$ cat structure.csv   # CSV, C-alpha atoms
chain,number,residue,atom,x,y,z
A,1,MET,CA,-65.0,2.1,44.2
A,2,ARG,CA,-63.2,5.5,44.1
A,3,SER,CA,-59.9,3.8,45.0
A,4,ILE,CA,-60.4,1.2,42.2
A,5,ALA,CA,-61.2,4.0,39.7
A,6,HIS,CA,-58.2,5.9,40.8
A,7,VAL,CA,-56.0,2.9,40.2
A,8,LEU,CA,-57.5,2.4,36.8
A,9,LEU,CA,-56.8,6.0,35.9
A,10,LEU,CA,-53.1,5.7,37.0
A,11,LEU,CA,-52.5,2.4,35.4
A,12,PRO,CA,-51.8,3.7,31.8
A,13,MET,CA,-49.4,6.2,33.3
A,14,MET,CA,-47.6,3.5,35.3
A,15,VAL,CA,-47.3,1.2,32.3
A,16,GLY,CA,-46.6,3.9,29.7
A,17,SER,CA,-47.4,4.0,26.1
A,18,PRO,CA,-46.1,1.4,23.7
A,19,ALA,CA,-43.8,3.9,22.0
A,20,SER,CA,-42.4,5.3,25.3
A,21,GLY,CA,-38.6,5.5,25.2
A,22,LYS,CA,-38.5,4.4,21.5
A,23,GLU,CA,-39.7,7.4,19.7
A,24,GLY,CA,-37.3,8.7,17.1
A,25,THR,CA,-35.4,5.4,16.8
A,26,GLU,CA,-35.6,2.6,14.3
A,27,THR,CA,-33.9,-0.7,13.6
A,28,ALA,CA,-30.9,-0.5,11.2
A,29,LEU,CA,-31.8,-2.0,7.8
A,30,PRO,CA,-29.4,-4.9,7.0
A,31,VAL,CA,-28.1,-4.6,3.4
A,32,THR,CA,-26.3,-7.7,2.0
A,33,VAL,CA,-23.4,-6.7,-0.2
A,34,GLY,CA,-21.0,-8.5,-2.4
A,35,LEU,CA,-18.4,-7.7,-5.1
A,36,TYR,CA,-17.0,-9.5,-8.1
A,37,ILE,CA,-13.7,-8.0,-9.5
A,38,ASN,CA,-13.6,-8.4,-13.3
A,39,ASP,CA,-10.2,-6.7,-13.8
A,40,ILE,CA,-7.5,-4.7,-12.0
A,41,HIS,CA,-5.2,-2.5,-14.0
A,42,ALA,CA,-3.0,0.7,-14.1
A,43,VAL,CA,-1.5,0.3,-10.6
A,44,ASP,CA,0.6,3.5,-10.2
A,45,LEU,CA,2.7,3.9,-7.1
A,46,SER,CA,3.6,7.4,-7.9
A,47,THR,CA,0.0,8.7,-7.8
A,48,HIS,CA,-1.3,6.1,-5.3
A,49,SER,CA,-4.0,5.0,-7.9
A,50,TYR,CA,-5.3,1.9,-9.6
A,51,GLY,CA,-8.1,1.0,-12.0
A,52,VAL,CA,-10.8,-1.5,-11.0
A,53,ASP,CA,-13.6,-3.0,-13.1
A,54,PHE,CA,-16.2,-4.8,-10.9
A,55,TYR,CA,-19.8,-5.8,-10.2
A,56,LEU,CA,-21.3,-4.6,-6.9
A,57,TRP,CA,-24.6,-6.1,-5.7
A,58,PHE,CA,-27.1,-5.3,-2.9
A,59,ARG,CA,-30.0,-7.2,-1.3
A,60,TRP,CA,-32.4,-5.6,1.2
A,61,LYS,CA,-36.0,-5.9,2.5
A,62,ALA,CA,-37.3,-2.3,2.5
A,63,PRO,CA,-39.3,-1.3,-0.6
A,64,ASP,CA,-39.0,2.4,0.3
A,65,ARG,CA,-35.2,2.3,0.1
A,66,ASN,CA,-32.7,1.6,-2.6
A,67,PRO,CA,-29.1,1.2,-1.3
A,68,ALA,CA,-27.9,0.7,-4.9
A,69,GLU,CA,-28.8,4.4,-5.6
A,70,THR,CA,-27.7,6.0,-2.4
A,71,PHE,CA,-24.2,4.4,-1.9
A,72,GLU,CA,-21.1,6.4,-2.7
A,73,PHE,CA,-17.4,5.5,-3.2
A,74,MET,CA,-15.2,6.9,-0.5
A,75,ASN,CA,-11.8,6.5,-2.3
A,76,PRO,CA,-12.3,7.5,-5.9
A,77,PHE,CA,-9.2,8.9,-7.7
A,78,ASP,CA,-11.3,10.8,-10.3
A,79,PRO,CA,-15.0,10.9,-9.4
A,80,GLU,CA,-16.0,12.5,-12.7
A,81,ALA,CA,-14.5,9.6,-14.7
A,82,MET,CA,-16.3,7.0,-12.7
A,83,VAL,CA,-18.7,4.9,-14.8
A,84,ARG,CA,-21.7,3.2,-13.1
A,85,THR,CA,-24.1,1.0,-15.0
A,86,VAL,CA,-27.2,-0.3,-13.2
A,87,LEU,CA,-28.2,-3.7,-14.6
A,88,PHE,CA,-31.9,-3.7,-13.7
A,89,ASP,CA,-34.3,-0.8,-14.3
A,90,THR,CA,-36.0,-1.6,-11.0
A,91,PRO,CA,-34.8,-3.8,-8.1
A,92,LYS,CA,-35.4,-7.5,-8.7
A,93,SER,CA,-37.5,-9.6,-6.3
A,94,GLN,CA,-35.8,-12.5,-4.7
A,95,PRO,CA,-37.3,-15.8,-3.4
A,96,ASP,CA,-36.7,-14.8,0.2
A,97,GLY,CA,-38.7,-11.6,-0.2
A,98,SER,CA,-35.7,-9.3,-0.5
A,99,LEU,CA,-34.9,-6.9,-3.4
A,100,TYR,CA,-31.8,-7.3,-5.5
A,101,GLN,CA,-29.8,-4.8,-7.6
A,102,ILE,CA,-26.4,-5.1,-9.2
A,103,VAL,CA,-24.2,-2.2,-10.5
A,104,ARG,CA,-21.2,-2.5,-12.8
A,105,CYS,CA,-18.5,0.1,-11.9
A,106,GLN,CA,-15.4,1.1,-13.8
A,107,GLY,CA,-12.9,3.7,-12.7
A,108,LEU,CA,-9.8,4.7,-10.9
A,109,PHE,CA,-9.5,4.5,-7.1
A,110,THR,CA,-6.8,5.5,-4.6
A,111,THR,CA,-5.3,4.5,-1.3
A,112,LYS,CA,-2.0,5.5,0.2
A,113,PHE,CA,0.7,3.0,-0.8
A,114,PRO,CA,3.4,2.3,1.7
A,115,VAL,CA,6.8,1.9,0.0
A,116,ASN,CA,9.0,1.2,3.0
A,117,ARG,CA,9.9,-2.3,1.7
A,118,TYR,CA,10.3,-1.4,-2.0
A,119,PRO,CA,11.1,-3.5,-4.1
A,120,PHE,CA,9.6,-6.1,-1.7
A,121,ASP,CA,6.5,-4.0,-1.0
A,122,ARG,CA,3.0,-5.4,-0.4
A,123,GLN,CA,0.0,-3.2,-1.3
A,124,ARG,CA,-3.8,-3.3,-1.0
A,125,ILE,CA,-6.3,-2.7,-3.7
A,126,VAL,CA,-9.3,-1.1,-1.8
A,127,VAL,CA,-12.8,-0.2,-2.9
A,128,SER,CA,-14.6,1.5,-0.1
A,129,ILE,CA,-18.3,2.4,0.0
A,130,GLU,CA,-20.8,4.1,2.4
A,131,ASP,CA,-24.4,5.1,2.1
A,132,SER,CA,-24.7,8.8,1.5
A,133,THR,CA,-28.0,9.3,3.4
A,134,GLN,CA,-28.4,6.6,6.0
A,135,GLY,CA,-26.2,6.4,9.1
A,136,SER,CA,-25.2,3.3,11.0
A,137,SER,CA,-28.4,3.4,13.1
A,138,GLN,CA,-30.5,3.3,9.9
A,139,GLN,CA,-28.6,1.0,7.7
A,140,ARG,CA,-25.8,-1.6,8.0
A,141,TYR,CA,-23.9,-3.5,5.4
A,142,VAL,CA,-23.8,-7.3,5.8
A,143,PRO,CA,-21.3,-9.5,3.9
A,144,ASP,CA,-22.8,-12.0,1.5
A,145,VAL,CA,-22.0,-15.7,1.7
A,146,GLU,CA,-19.1,-15.0,-0.7
A,147,PRO,CA,-18.6,-11.3,-0.2
A,148,ILE,CA,-15.8,-10.8,-2.7
A,149,LYS,CA,-14.5,-12.9,-5.6
A,150,VAL,CA,-11.8,-12.2,-8.1
A,151,ASN,CA,-11.7,-13.1,-11.8
A,152,GLN,CA,-9.2,-16.0,-12.0
A,153,GLU,CA,-8.1,-14.8,-15.4
A,154,ILE,CA,-6.7,-11.5,-14.1
A,155,THR,CA,-3.0,-11.0,-14.7
A,156,LEU,CA,-1.4,-8.0,-12.9
A,157,PRO,CA,2.1,-7.6,-14.3
A,158,GLY,CA,4.7,-7.3,-11.5
A,159,TYR,CA,2.4,-8.4,-8.7
A,160,GLN,CA,0.9,-11.5,-7.2
A,161,ILE,CA,-2.8,-11.3,-6.2
A,162,GLY,CA,-3.6,-12.6,-2.7
A,163,SER,CA,-6.8,-13.7,-1.0
A,164,PRO,CA,-9.4,-10.9,-1.0
A,165,LYS,CA,-11.6,-10.0,2.0
A,166,LEU,CA,-14.4,-7.7,3.1
A,167,VAL,CA,-14.2,-5.5,6.2
A,168,VAL,CA,-17.3,-3.8,7.5
A,169,ARG,CA,-16.9,-1.1,10.2
A,170,ASP,CA,-18.4,2.1,11.5
A,171,LYS,CA,-16.8,5.3,10.3
A,172,HIS,CA,-17.1,8.0,12.8
A,173,TYR,CA,-17.0,11.6,11.7
A,174,THR,CA,-16.2,14.4,14.0
A,175,THR,CA,-18.6,16.8,12.4
A,176,THR,CA,-22.3,17.2,11.6
A,177,PHE,CA,-21.4,18.6,8.2
A,178,GLY,CA,-23.3,21.8,9.1
A,179,ASP,CA,-26.7,20.0,9.4
A,180,LEU,CA,-28.6,21.8,12.2
A,181,SER,CA,-31.3,19.1,12.2
A,182,GLU,CA,-28.7,16.6,13.3
A,183,PRO,CA,-27.0,17.9,16.4
A,184,ASP,CA,-25.4,14.6,17.3
A,185,ILE,CA,-22.3,13.4,15.4
A,186,ALA,CA,-23.3,10.3,13.5
A,187,SER,CA,-21.4,7.3,12.2
A,188,TYR,CA,-21.8,5.6,8.9
A,189,CYS,CA,-21.4,1.9,8.0
A,190,ARG,CA,-18.5,1.5,5.7
A,191,ALA,CA,-17.7,-1.6,3.6
A,192,GLU,CA,-14.1,-2.1,2.4
A,193,PHE,CA,-13.4,-4.6,-0.3
A,194,ILE,CA,-9.7,-5.4,-0.1
A,195,VAL,CA,-7.4,-7.3,-2.5
A,196,PRO,CA,-3.8,-7.7,-1.3
A,197,ILE,CA,-1.1,-7.7,-4.0
A,198,SER,CA,2.6,-8.3,-3.5
A,199,ARG,CA,5.8,-8.3,-5.6
A,200,PRO,CA,7.4,-11.7,-6.1
A,201,PRO,CA,10.9,-11.6,-4.5
A,202,PHE,CA,13.1,-13.2,-7.2
A,203,PRO,CA,12.3,-10.8,-10.1
A,204,GLY,CA,13.2,-7.9,-7.7
A,205,ILE,CA,16.5,-9.5,-6.8
A,206,PHE,CA,17.5,-10.1,-10.4
A,207,LYS,CA,16.3,-6.9,-11.8
A,208,ILE,CA,17.5,-4.5,-9.1
A,209,PHE,CA,20.1,-6.0,-6.8
A,210,VAL,CA,22.1,-8.0,-9.3
A,211,PRO,CA,22.8,-4.8,-11.5
A,212,ILE,CA,23.8,-2.9,-8.3
A,213,LEU,CA,26.1,-5.8,-7.3
A,214,LEU,CA,27.7,-5.8,-10.8
A,215,ILE,CA,28.4,-2.0,-10.5
A,216,ILE,CA,29.9,-2.6,-7.0
A,217,ILE,CA,32.2,-5.3,-8.3
A,218,SER,CA,33.3,-3.1,-11.2
A,219,ALA,CA,34.2,-0.4,-8.7
A,220,GLY,CA,36.1,-2.9,-6.6
A,221,PHE,CA,38.2,-3.9,-9.7
A,222,ALA,CA,39.9,-0.5,-9.4
A,223,LEU,CA,41.7,-1.7,-6.4
A,224,LEU,CA,43.3,-4.5,-8.4
A,225,LEU,CA,45.1,-2.2,-10.7
A,226,ASP,CA,48.7,-1.0,-9.9
A,227,PRO,CA,49.0,2.5,-8.3
A,228,GLU,CA,50.7,3.9,-11.4
A,229,HIS,CA,47.5,3.4,-13.4
A,230,VAL,CA,45.9,6.4,-11.7
A,231,GLU,CA,43.6,7.5,-14.5
A,232,ALA,CA,42.3,4.0,-15.1
A,233,ARG,CA,41.6,3.4,-11.4
A,234,ILE,CA,39.8,6.8,-10.9
A,235,GLY,CA,37.9,6.4,-14.1
A,236,LEU,CA,36.6,3.0,-13.2
A,237,SER,CA,35.4,4.0,-9.8
A,238,ILE,CA,33.9,7.3,-10.9
A,239,THR,CA,32.1,5.5,-13.8
A,240,ALA,CA,30.6,3.1,-11.2
A,241,LEU,CA,29.5,6.0,-9.0
A,242,LEU,CA,27.8,7.8,-11.9
A,243,THR,CA,26.1,4.6,-13.0
A,244,LEU,CA,24.7,4.2,-9.5
A,245,VAL,CA,23.4,7.7,-9.5
A,246,ALA,CA,21.7,7.2,-12.8
A,247,MET,CA,20.2,3.9,-11.8
A,248,GLN,CA,18.8,5.4,-8.6
A,249,PHE,CA,17.2,8.3,-10.4
A,250,THR,CA,15.6,6.0,-12.9
A,251,MET,CA,14.4,3.5,-10.3
A,252,LEU,CA,12.9,6.1,-7.9
A,253,SER,CA,11.1,8.0,-10.7
A,254,GLY,CA,8.2,5.6,-10.4
A,255,LEU,CA,7.8,5.9,-6.7
A,256,PRO,CA,5.8,8.6,-4.8
A,257,GLU,CA,7.5,11.4,-2.9
A,258,VAL,CA,7.8,10.2,0.7
A,259,ALA,CA,9.4,11.6,3.8
A,260,TYR,CA,11.2,8.4,4.8
A,261,LEU,CA,13.9,6.2,3.3
A,262,THR,CA,12.8,3.1,1.4
A,263,LEU,CA,14.7,-0.1,1.5
A,264,ILE,CA,16.2,0.6,-1.9
A,265,ASP,CA,17.2,4.1,-0.8
A,266,GLU,CA,19.2,2.5,2.0
A,267,VAL,CA,20.8,0.0,-0.3
A,268,PHE,CA,21.9,2.8,-2.6
A,269,LEU,CA,23.3,4.8,0.3
A,270,VAL,CA,25.5,1.8,1.3
A,271,SER,CA,26.5,1.4,-2.3
A,272,PHE,CA,27.5,5.1,-2.6
A,273,LEU,CA,29.6,4.7,0.6
A,274,TYR,CA,31.4,1.7,-0.8
A,275,VAL,CA,32.3,3.5,-4.0
A,276,LEU,CA,33.4,6.6,-2.0
A,277,ILE,CA,35.7,4.4,0.2
A,278,VAL,CA,37.2,2.9,-2.9
A,279,ILE,CA,37.8,6.4,-4.4
A,280,GLY,CA,39.2,7.7,-1.2
A,281,THR,CA,41.6,4.8,-0.9
A,282,ILE,CA,42.8,5.2,-4.5
A,283,VAL,CA,43.3,9.0,-4.0
A,284,HIS,CA,45.2,8.5,-0.7
A,285,VAL,CA,47.4,5.7,-2.1
A,286,THR,CA,48.2,7.8,-5.2
A,287,ARG,CA,49.4,10.7,-3.1
A,288,ILE,CA,51.6,8.5,-1.1
A,289,ASP,CA,53.0,6.8,-4.2
A,290,GLN,CA,53.8,10.1,-5.9
A,291,LYS,CA,55.8,11.1,-2.8
A,292,GLY,CA,57.6,7.8,-2.9
A,293,ALA,CA,56.4,6.9,0.6
A,294,ILE,CA,55.4,3.4,-0.4
A,295,GLN,CA,58.8,2.3,-1.5
A,296,GLY,CA,60.3,-0.1,0.9
A,297,LYS,CA,57.5,0.2,3.5
A,298,VAL,CA,55.4,-2.6,5.0
A,299,GLY,CA,53.0,-0.3,6.8
A,300,GLY,CA,49.3,0.4,6.4
A,301,MET,CA,48.8,2.0,3.0
A,302,ALA,CA,51.6,0.0,1.5
A,303,LYS,CA,49.8,-3.2,2.4
A,304,ILE,CA,46.6,-1.9,0.9
A,305,VAL,CA,48.4,-1.2,-2.4
A,306,ARG,CA,50.3,-4.5,-2.5
A,307,GLN,CA,47.3,-6.6,-1.4
A,308,GLY,CA,44.8,-5.1,-3.7
A,309,PRO,CA,42.8,-8.3,-4.2
A,310,VAL,CA,42.5,-8.9,-0.5
A,311,THR,CA,41.4,-5.3,0.1
A,312,ALA,CA,38.8,-5.5,-2.6
A,313,LEU,CA,37.5,-8.8,-1.2
A,314,VAL,CA,37.3,-7.5,2.3
A,315,LEU,CA,35.5,-4.3,1.3
A,316,THR,CA,33.1,-6.2,-1.0
A,317,GLY,CA,32.4,-8.8,1.7
A,318,ALA,CA,31.7,-6.0,4.3
A,319,TYR,CA,29.4,-4.4,1.7
A,320,LEU,CA,27.4,-7.6,1.1
A,321,ILE,CA,27.0,-8.2,4.9
A,322,THR,CA,25.8,-4.6,5.4
A,323,VAL,CA,23.3,-4.8,2.5
A,324,LEU,CA,21.9,-8.1,3.8
A,325,THR,CA,21.6,-6.6,7.3
A,326,VAL,CA,19.7,-3.5,5.9
A,327,ILE,CA,17.3,-5.8,4.0
A,328,MET,CA,16.6,-8.0,7.0
A,329,ILE,CA,16.0,-5.1,9.3
A,330,ASN,CA,13.6,-3.5,6.9
A,331,LEU,CA,11.7,-6.7,6.2
A,332,LEU,CA,11.4,-7.5,9.9
A,333,ALA,CA,10.5,-3.9,10.9
A,334,ASN,CA,8.0,-3.4,8.1
A,335,PRO,CA,6.3,-6.8,7.6
A,336,GLY,CA,3.6,-5.2,5.5
A,337,ASP,CA,-0.1,-6.4,5.3
A,338,PRO,CA,-0.2,-9.6,3.3
A,339,THR,CA,-4.0,-10.1,3.8

$ encode --input "structure.csv" --output "structure tokens"
Amino acid sequence: MRSIAHVLLLLPMMVGSPASGKEGTETALPVTVGLYINDIHAVDLSTHSYGVDFYLWFRWKAPDRNPAETFEFMNPFDPEAMVRTVLFDTPKSQPDGSLYQIVRCQGLFTTKFPVNRYPFDRQRIVVSIEDSTQGSSQQRYVPDVEPIKVNQEITLPGYQIGSPKLVVRDKHYTTTFGDLSEPDIASYCRAEFIVPISRPPFPGIFKIFVPILLIIISAGFALLLDPEHVEARIGLSITALLTLVAMQFTMLSGLPEVAYLTLIDEVFLVSFLYVLIVIGTIVHVTRIDQKGAIQGKVGGMAKIVRQGPVTALVLTGAYLITVLTVIMINLLANPGDPT
């Protein structure tokens, strides 16, 4: 009897209490999220900003929580100018027992725009949210059946709008933010609503590359003039160079300051080199002509002078091949993110 009683006393210790090993933990609350974009405007590459007007909704099954009140935007451009309008005074009950709330938001957001491929760049309009109080172990975002939709009537001048998507991931922070009650570094569930935009190729070709090509052809015409027309030859090529400089300054004024060369930067560099070669050729030939060295000779510089059209054609052809090579290398090396 004593042995049986001893076993009965030890049995609770062997089995353990129901909360053993689980104290202090809880199941993460799934919160269904979705977003409808009503409008996109004011895309500014120079400030890495854009305006978005959208509806954001939440569904959850915990009456003691309200994710529609505790979420925060992680990429606002001007937080104080952000406008939030909650559509329901209290969360609305759903047929499946969940609670529903929808918030209309209007404001400027920001994300770093890569401009390697400009003017063939592809960008992403991103709206990123996290819960400000609940970590990933307490709450997780779950995409709705149609997590993100875009108003079909949106027109974004200069861009084409691609297929949107929602990315849900854990964001790990390497700090406890000074909270002594949370010694462990936590992670927060982040939902990123992404709309890809891209520039159509043909407008970029006609608006940017065709004017540059016309300037290059104008500079090449200087080689077609006779050597005695020194002022006309130098004036034509110098005018082309100054026009290129002014065009580059105007075009790059709308781009952010970056530490790398964009595609259009490299095209301008090749164009400057072409014009400088034309100017250098004209100057060198003019010096030889003034000394009378061209007369009766069939050597190098004499051929350049006498075969001006051929020289201009060869230089322009080499320029076009170089520019096409630069464009292809950039497009292949920086494919962008079309989705």

$ atom_distance --input "structure.csv" --atom1 "atom CA of A:Ser237" --atom2 "atom CA of A:Thr316"
13.7 Å

$ residues_around --input "structure.csv" --residues "stretch 43-49 of chain A" --least-positions-apart "2" --cutoff "12 Å" --atoms "all atoms listed in the file" --output "PyMOL selection string"
chain A and resi 39-41+51-52+75-78+107-115+118-119+121-127+156-159+197-198+251-258

$ closest_residue --input "structure.csv" --among "A:Leu320, A:Val145, A:Ile102, A:Ile129" --to "A:Phe71" --atoms "only C-alpha atoms"
A:Ile129

$ closest_residue --input "structure.csv" --among "A:Ile208, A:Ile321, A:Leu223, A:Ser181" --to "A:Asp265" --atoms "only C-alpha atoms"
A:Ile208

$ closest_residue --input "structure.csv" --among "A:Ile148, A:Cys189, A:Leu87, A:Leu324" --to "A:Leu29" --atoms "only C-alpha atoms"
A:Cys189

$ closest_residue --input "structure.csv" --among "A:Val83, A:Leu244, A:Leu236, A:Val283" --to "A:Phe209" --atoms "all atoms listed in the file"
A:Leu244

$ closest_residue --input "structure.csv" --among "A:Ile329, A:Ile282, A:Ala312, A:Val195" --to "A:Val267" --atoms "all atoms listed in the file"
A:Ile329

$ decode --input "structure.csv" --residues "stretch 226-237 of chain A" --atoms "N, CA and C atoms" --output "short mmCIF file (atom, residue, chain, number, x, y, z; two decimals), in the first residue's frame"
data_model
loop_
_atom_site.label_atom_id
_atom_site.label_comp_id
_atom_site.auth_asym_id
_atom_site.auth_seq_id
_atom_site.Cartn_x
_atom_site.Cartn_y
_atom_site.Cartn_z
N ASP A 226 35.49 72.02 -96.03
CA ASP A 226 36.89 72.13 -96.44
C ASP A 226 37.73 72.69 -95.30
N PRO A 227 39.01 72.33 -95.23
CA PRO A 227 39.87 72.78 -94.13
C PRO A 227 39.99 74.29 -94.02
N GLU A 228 39.81 75.01 -95.15
CA GLU A 228 39.96 76.46 -95.04
C GLU A 228 38.82 77.13 -94.27
N HIS A 229 37.71 76.41 -94.11
CA HIS A 229 36.58 76.96 -93.34
C HIS A 229 36.76 76.61 -91.86
N VAL A 230 37.83 77.15 -91.30
CA VAL A 230 38.19 76.77 -89.94
C VAL A 230 37.14 77.22 -88.94
N GLU A 231 36.71 78.46 -89.05
CA GLU A 231 35.77 78.99 -88.07
C GLU A 231 34.44 78.23 -88.11
N ALA A 232 33.96 77.92 -89.30
CA ALA A 232 32.70 77.20 -89.42
C ALA A 232 32.83 75.79 -88.84
N ARG A 233 33.96 75.13 -89.08
CA ARG A 233 34.14 73.76 -88.59
C ARG A 233 34.21 73.74 -87.07
N ILE A 234 35.01 74.64 -86.49
CA ILE A 234 35.15 74.69 -85.04
C ILE A 234 33.83 75.13 -84.39
N GLY A 235 33.19 76.13 -85.00
CA GLY A 235 31.93 76.62 -84.44
C GLY A 235 30.86 75.55 -84.41
N LEU A 236 30.77 74.75 -85.47
CA LEU A 236 29.76 73.69 -85.53
C LEU A 236 30.01 72.63 -84.47
N SER A 237 31.24 72.21 -84.31
CA SER A 237 31.54 71.16 -83.34
C SER A 237 31.43 71.66 -81.90
#
